[in-house]
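One structure below.
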Amino acid sequence: MLAVNPDASLTAAERFALDVLIDLSAVLRYEGTGDVVQLRVVDGSSADDTAAALRARGWGITPSDGIVTVERALLRFVIDVAGAEDEQRSRASDRYQRVPATATRVVREAVEREPVVSRAAVALSHAVRAAAARRPVRLIDPWPNGRIWAAALTHDLDVVNWWPAFTLLRLAELAKNGELARATRVTLSAVASAARPVVFSAIRELLDIEARHRVRSTWFVLCGRPTLATARAGDLTYRPDGRLARRIMRAVRDAGHEIGLHGSFRTSEDHSLFAAQRTTLRNLADVDAVGVRQHYLRMRPATTPRGMRDAGFGYDSTYGFADRNGFRLGVADVVPLWDAERQAPVGVDEAPFTWMDRALSKYQHVETPRVWIDDALALADVCQDVGGLWVGIWHPNLAPALGFPDAPAAYARLASELVARGAYVAPLEELVAWRRARRALRAVACSDDGRVTLAPSVKRDVPNFVLHHGDGRRDESVVRG
């Protein structure tokens with residue numbers, strides 16, 4: 001267990017960063033009296049807070065007898081990366097009004113393929129155990145059912161109607177990339193499928209794959225009213241109240257999957273549209289959406305999350321890279337969003353995605369689905385190593401007639417491998433709720449015989465968390481207050 005000594009000199013941002021580190025470490029926080037490991041923040045011997053410098057000096061975390069010290073330099077790094085303060089300060093913008101990947105701190109420091117903040121949290125966990133000696137240590141199971149890591153399969157529903165137009169755009173993309181053999185396969189498949197419900201068939205195949213592997217996913221659906229202008233911009237391309245869109249949502253919901261909102265371009269600035277689109281989704285799909293992800297990842301990091309919160313969303317999953325795969329916020333986990341201008345938490349959790357199919361096919365010009373999955377699984381292995389969460393985006397329009405031969409089989413392999421690697425695979429809503437409840441766990445007492453008492457605020461109807469001793473033994477004597 002770990003007690004944090006109140007320090008009036010800590011800024012709100014530093015306290016937030018410290019809370020993030022402790023949460024990601026899975027060390028149970030202690031708010032009672034007694035001899036447990038104490039955490040203290042120190043200035044440190046170096047002001048260098050680059051990832052390389054911090055890693056070289058053990059992430060600025062030092063254990064001693066009963067005390068773990070954390071350098072302020074690490075807290076600055078955490079708030080810049082996991083709190084996205086660096087992005088919120090940035091004035092860089094691409095044509096979709098996104099902060100470009102090259103303007104993010106993790107890309108500038110070439111560490112985007114590593115969850116550096118999660119790595120620091122693992123170091124904190126090790127330091128607590130090293131400092132404890134005979135003092136009690138309790139670690140919380142990272143994920144439900146004793147799983148040490150988790151995964152979420154998510155889908156952005158961008159294409160519903162007018163599928164031949166999207167096939168033509170895809171053929172142009174393949175021709176530009178010199179993929180003439182692949183373009184020929186797409187053409188033959190499109191001609192053979194001309195009289196079939198191509199989009200719904202592709203979605204039905206995804207749902208069948210997920211049912212076969214007993215996994216539930218999260219689907220983000222556009223719910224604004226399309227116009228010629230929004231369609232040309234690649235934004236709103238279908239009516240959510242159309243027959244096919246409603247059929248898709250019904251099939252997804254009936255299969256037990258989560259449905260969230262895919263925020264249109266304008267929601268990024270006009271936050272009133274979040275509530276309107278969330279209401280539309282509720283009326284059409286009979287779900288009270290908890291999650292949101294911005295279409296094309298279009299978001300103003302400093303302000304858009306406030307609109308999400310005000311509309312009633314509990315989590316967002318927009319943070320990730322469009323043009324590469326990796327850990328934009330330096331975490332393989334769920335973290336609270338931070339408001340840099342107001343120096344306070346936003347009130348919305350972030351489940352950043354780690355991997356996206358189109359980051360490879362569209363931006364990296366990698367057209368082999370097998371290679372996409374290799375990349376996805378390499379990042380999944382990293383998430384497993386830190387006891388974290390892997391979030392992937394698979395677009396449901398990745399079907400042969402829509403321009404993506406071999407894609408369905410690749411997705412089947414991805415789902416199969418995630419399950420085989422022991423991930424707890426669930427919709428984001430469930431995973432975020434678990435992490436929010438785990439974050440709130442506190443111990444308030446520890447008896448002489450080692451019995452730990454949790455705070456009365458830990459309700460009996462929350463998930464059945466399991467605690468372990470520092471040596472890995474399961475704690476069978478937890479008392480709920």
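Just remember, in the structure tokens the first chain shown is A, the second B, etc., residues are 1-based per chain, and ligands are 1-based in the order shown.
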
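Considering only range 202-282 of chain A, backbone DSSP assigns strand (DSSP E or B) to Thr218, Trp219, Phe220, Val221, Glu258, Ile259, Gly260, Leu261, His262 and Gly263 of chain A.
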
Save the residues we just selected, C-alpha atoms, as a CSV table (one decimal), in the first residue's frame?
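This went into again_0.csv:
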```
chain,number,residue,atom,x,y,z
A,218,THR,CA,-17.9,-1.0,-29.4
A,219,TRP,CA,-19.4,0.8,-32.4
A,220,PHE,CA,-19.3,4.5,-33.0
A,221,VAL,CA,-22.1,5.8,-35.2
A,258,GLU,CA,-21.9,-1.2,-27.2
A,259,ILE,CA,-23.0,1.8,-29.4
A,260,GLY,CA,-21.4,5.2,-28.9
A,261,LEU,CA,-21.4,8.4,-30.9
A,262,HIS,CA,-19.1,9.2,-33.7
A,263,GLY,CA,-19.0,13.0,-33.3
```

Inset, instruction - With a distance cut-off of 10 Å and only C-alpha atoms, select the neighbouring residues of Arg216 in chain A, excluding the residue or stretch itself and same-chain residues fewer than 5 positions from it, and output the selection as a ChimeraX atom specification. - result: /A:152-154,207,210-211,252,255-258,425-428

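For the pair CA of Ser416 in chain A and CA of His213 in chain A, the separation is 6.4 Å.
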
Inset, instruction - Please give the complete set of residues from range 368-470 of chain A that DSSP, run on the backbone, assigns to alpha helix (DSSP H), formatted as a ChimeraX atom specification. - result: /A:369-385,407-420,428-439

How would the residues just chosen look if you wrote them out with N, CA and C atoms as a compact mmCIF listing (two decimals), in the first residue's frame?
```txt
# COMPACT_ATOMS: atom_id res chain seq x y z
N PRO A 369 -3.08 -6.94 -45.34
CA PRO A 369 -3.74 -7.08 -44.04
C PRO A 369 -2.95 -7.89 -43.02
N ARG A 370 -2.21 -8.88 -43.48
CA ARG A 370 -1.41 -9.67 -42.54
C ARG A 370 -0.42 -8.79 -41.79
N VAL A 371 0.15 -7.81 -42.48
CA VAL A 371 1.11 -6.91 -41.85
C VAL A 371 0.40 -5.99 -40.85
N TRP A 372 -0.83 -5.58 -41.19
CA TRP A 372 -1.59 -4.76 -40.23
C TRP A 372 -1.74 -5.51 -38.90
N ILE A 373 -2.10 -6.78 -39.01
CA ILE A 373 -2.36 -7.56 -37.79
C ILE A 373 -1.07 -7.82 -37.03
N ASP A 374 0.02 -8.04 -37.74
CA ASP A 374 1.31 -8.19 -37.07
C ASP A 374 1.61 -6.95 -36.23
N ASP A 375 1.34 -5.78 -36.79
CA ASP A 375 1.58 -4.53 -36.06
C ASP A 375 0.65 -4.42 -34.86
N ALA A 376 -0.61 -4.77 -35.05
CA ALA A 376 -1.58 -4.72 -33.95
C ALA A 376 -1.15 -5.61 -32.79
N LEU A 377 -0.70 -6.81 -33.11
CA LEU A 377 -0.32 -7.76 -32.08
C LEU A 377 0.99 -7.38 -31.40
N ALA A 378 1.90 -6.75 -32.15
CA ALA A 378 3.14 -6.28 -31.52
C ALA A 378 2.83 -5.24 -30.45
N LEU A 379 1.90 -4.34 -30.75
CA LEU A 379 1.51 -3.33 -29.75
C LEU A 379 0.70 -3.97 -28.63
N ALA A 380 -0.08 -5.00 -28.95
CA ALA A 380 -0.82 -5.70 -27.90
C ALA A 380 0.14 -6.36 -26.91
N ASP A 381 1.23 -6.90 -27.40
CA ASP A 381 2.22 -7.50 -26.51
C ASP A 381 2.81 -6.47 -25.56
N VAL A 382 3.01 -5.25 -26.06
CA VAL A 382 3.52 -4.17 -25.19
C VAL A 382 2.49 -3.84 -24.11
N CYS A 383 1.21 -3.78 -24.50
CA CYS A 383 0.15 -3.51 -23.51
C CYS A 383 0.10 -4.59 -22.45
N GLN A 384 0.24 -5.83 -22.88
CA GLN A 384 0.25 -6.94 -21.93
C GLN A 384 1.42 -6.81 -20.96
N ASP A 385 2.55 -6.37 -21.45
CA ASP A 385 3.75 -6.25 -20.63
C ASP A 385 3.58 -5.25 -19.49
N ALA A 407 -9.22 -8.68 -45.96
CA ALA A 407 -9.40 -8.00 -44.69
C ALA A 407 -10.25 -8.79 -43.69
N PRO A 408 -11.39 -9.38 -44.07
CA PRO A 408 -12.18 -10.11 -43.08
C PRO A 408 -11.40 -11.24 -42.41
N ALA A 409 -10.63 -11.97 -43.18
CA ALA A 409 -9.82 -13.05 -42.59
C ALA A 409 -8.79 -12.49 -41.63
N ALA A 410 -8.25 -11.32 -41.96
CA ALA A 410 -7.27 -10.69 -41.07
C ALA A 410 -7.92 -10.30 -39.75
N TYR A 411 -9.16 -9.78 -39.83
CA TYR A 411 -9.84 -9.40 -38.60
C TYR A 411 -10.12 -10.63 -37.74
N ALA A 412 -10.49 -11.72 -38.37
CA ALA A 412 -10.73 -12.96 -37.62
C ALA A 412 -9.46 -13.38 -36.89
N ARG A 413 -8.32 -13.22 -37.54
CA ARG A 413 -7.06 -13.57 -36.89
C ARG A 413 -6.80 -12.65 -35.69
N LEU A 414 -7.09 -11.36 -35.85
CA LEU A 414 -6.87 -10.41 -34.76
C LEU A 414 -7.71 -10.78 -33.54
N ALA A 415 -9.00 -11.02 -33.74
CA ALA A 415 -9.86 -11.38 -32.62
C ALA A 415 -9.39 -12.67 -31.95
N SER A 416 -9.03 -13.64 -32.77
CA SER A 416 -8.58 -14.93 -32.25
C SER A 416 -7.31 -14.78 -31.41
N GLU A 417 -6.35 -14.01 -31.91
CA GLU A 417 -5.07 -13.85 -31.22
C GLU A 417 -5.21 -13.08 -29.91
N LEU A 418 -6.06 -12.06 -29.89
CA LEU A 418 -6.25 -11.31 -28.64
C LEU A 418 -6.82 -12.22 -27.55
N VAL A 419 -7.77 -13.05 -27.93
CA VAL A 419 -8.36 -13.98 -26.97
C VAL A 419 -7.32 -15.01 -26.54
N ALA A 420 -6.57 -15.54 -27.50
CA ALA A 420 -5.57 -16.56 -27.19
C ALA A 420 -4.47 -16.03 -26.29
N LEU A 428 -15.75 -0.84 -24.52
CA LEU A 428 -15.08 0.23 -23.78
C LEU A 428 -15.88 0.69 -22.57
N GLU A 429 -17.19 0.75 -22.71
CA GLU A 429 -18.01 1.21 -21.58
C GLU A 429 -17.73 0.37 -20.34
N GLU A 430 -17.65 -0.93 -20.50
CA GLU A 430 -17.40 -1.83 -19.37
C GLU A 430 -15.99 -1.64 -18.82
N LEU A 431 -15.02 -1.52 -19.71
CA LEU A 431 -13.63 -1.38 -19.27
C LEU A 431 -13.40 -0.05 -18.56
N VAL A 432 -14.00 1.02 -19.07
CA VAL A 432 -13.85 2.32 -18.42
C VAL A 432 -14.51 2.30 -17.05
N ALA A 433 -15.68 1.69 -16.95
CA ALA A 433 -16.36 1.62 -15.66
C ALA A 433 -15.53 0.85 -14.63
N TRP A 434 -14.91 -0.23 -15.07
CA TRP A 434 -14.03 -1.01 -14.18
C TRP A 434 -12.88 -0.16 -13.69
N ARG A 435 -12.23 0.54 -14.62
CA ARG A 435 -11.07 1.34 -14.23
C ARG A 435 -11.46 2.52 -13.36
N ARG A 436 -12.61 3.09 -13.59
CA ARG A 436 -13.06 4.21 -12.75
C ARG A 436 -13.31 3.71 -11.32
N ALA A 437 -13.93 2.55 -11.20
CA ALA A 437 -14.18 1.99 -9.88
C ALA A 437 -12.88 1.58 -9.19
N ARG A 438 -11.96 0.99 -9.96
CA ARG A 438 -10.68 0.60 -9.38
C ARG A 438 -9.90 1.81 -8.89
N ARG A 439 -9.98 2.90 -9.64
CA ARG A 439 -9.27 4.13 -9.28
C ARG A 439 -9.74 4.68 -7.93
```

Inset, instruction - For Ala92 in chain A, list every protein, DNA or RNA residue within 7 Å, evaluated using only C-alpha atoms, and leave out those in the same chain fewer than 4 positions away; present the list as an MDAnalysis selection string. - result: chainID A and resid 99:100 103

Could you turn the residues from that selection into a file that holds N, CA and C atoms, as a short mmCIF file (atom, residue, chain, number, x, y, z; two decimals), in the first residue's frame?
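Written out: result37.cif:
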```
data_model
loop_
_atom_site.label_atom_id
_atom_site.label_comp_id
_atom_site.auth_asym_id
_atom_site.auth_seq_id
_atom_site.Cartn_x
_atom_site.Cartn_y
_atom_site.Cartn_z
N VAL A 99 -4.25 18.32 -34.08
CA VAL A 99 -2.84 18.53 -33.78
C VAL A 99 -2.06 17.41 -34.48
N PRO A 100 -1.14 17.73 -35.39
CA PRO A 100 -0.43 16.68 -36.12
C PRO A 100 0.39 15.79 -35.19
N ALA A 103 3.66 17.08 -33.98
CA ALA A 103 3.68 18.15 -32.98
C ALA A 103 3.52 17.62 -31.56
#
```

Inset, instruction - Could you tell me which of A:Ala195, A:Gly307, A:Val159, A:Leu180 comes closest to Ala245 in chain A if we count only C-alpha atoms? - result: A:Val159

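Of the residues under consideration (A:Gly32, A:Pro396, A:Gly330, A:Gly83), A:Gly83 shows the shortest atom-to-atom contact distance to Glu14 in chain A when counting only C-alpha atoms.
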
Contacts between range 22-31 of chain A and range 371-392 of chain A, please, where a residue of range 371-392 of chain A counts if it comes within 12 Å (with only C-alpha atoms); show its shortest atom pair and distance in Å to one decimal, rows by chain and ascending number, as CSV.
```
residue,atom,partner,partner_atom,distance
A:Val386,CA,A:Ser25,CA,9.2
A:Gly387,CA,A:Leu24,CA,9.0
A:Gly388,CA,A:Leu24,CA,8.4
A:Leu389,CA,A:Leu24,CA,10.8
```

Inset, instruction - Using only C-alpha atoms, pick whichever of A:Phe166, A:Phe465, A:Tyr296, A:Phe77 has the shortest atom-to-atom distance to Ala440 in chain A. - result: A:Phe465

Legend entry - Shell of 10 Å around Ile79 in chain A, only C-alpha atoms, local chain residues under 3 positions omitted, as a list in words: Ala13, Glu14, Arg15, Phe16, Ala17, Leu18, Val20, Leu74, Leu75, Arg76, Ala82, Gly83, Ala84, Glu85, Asp86, Val117, Leu329, Trp338 and Ala340 of chain A

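Considering the residues A:Pro136, A:Gly60, A:Ser45, A:Leu273 and counting only C-alpha atoms, Ser447 in chain A has its shortest atom-to-atom contact with A:Pro136.
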
Inset, instruction - Find the residues near Pro164 in chain A: any atom within 9 Å, counting only C-alpha atoms, skip ones fewer than 3 places away on the same chain, and give them as number ranges by chain. - result: A: 161, 167-169, 190, 194, 401-402

Inset, instruction - Using only C-alpha atoms, find the one residue out of A:Gly234, A:Gly326, A:Gly44, A:Pro305 that sits nearest to Glu350 in chain A. - result: A:Pro305

Legend entry - Selection: 10 Å around Arg306 in chain A, only C-alpha atoms, excl. self and same-chain fewer than 6 positions, as a VMD selection string: chain A and resid 271 313 337 339 346 to 348

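When CA of Thr303 in chain A is paired with CA of Ala229 in chain A, their separation reads 24.8 Å.
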
Legend entry - Spatial neighbours of Pro226 in chain A, 10 Å, only C-alpha atoms, chain gap at least 3 places, as a VMD selection string: chain A and resid 222 to 223 229 to 231 235 to 240 264

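Taking only C-alpha atoms into account, Ala51 in chain A lies nearest to A:Val78 out of the set A:Val78, A:Leu21, A:Ala351, A:Val186.
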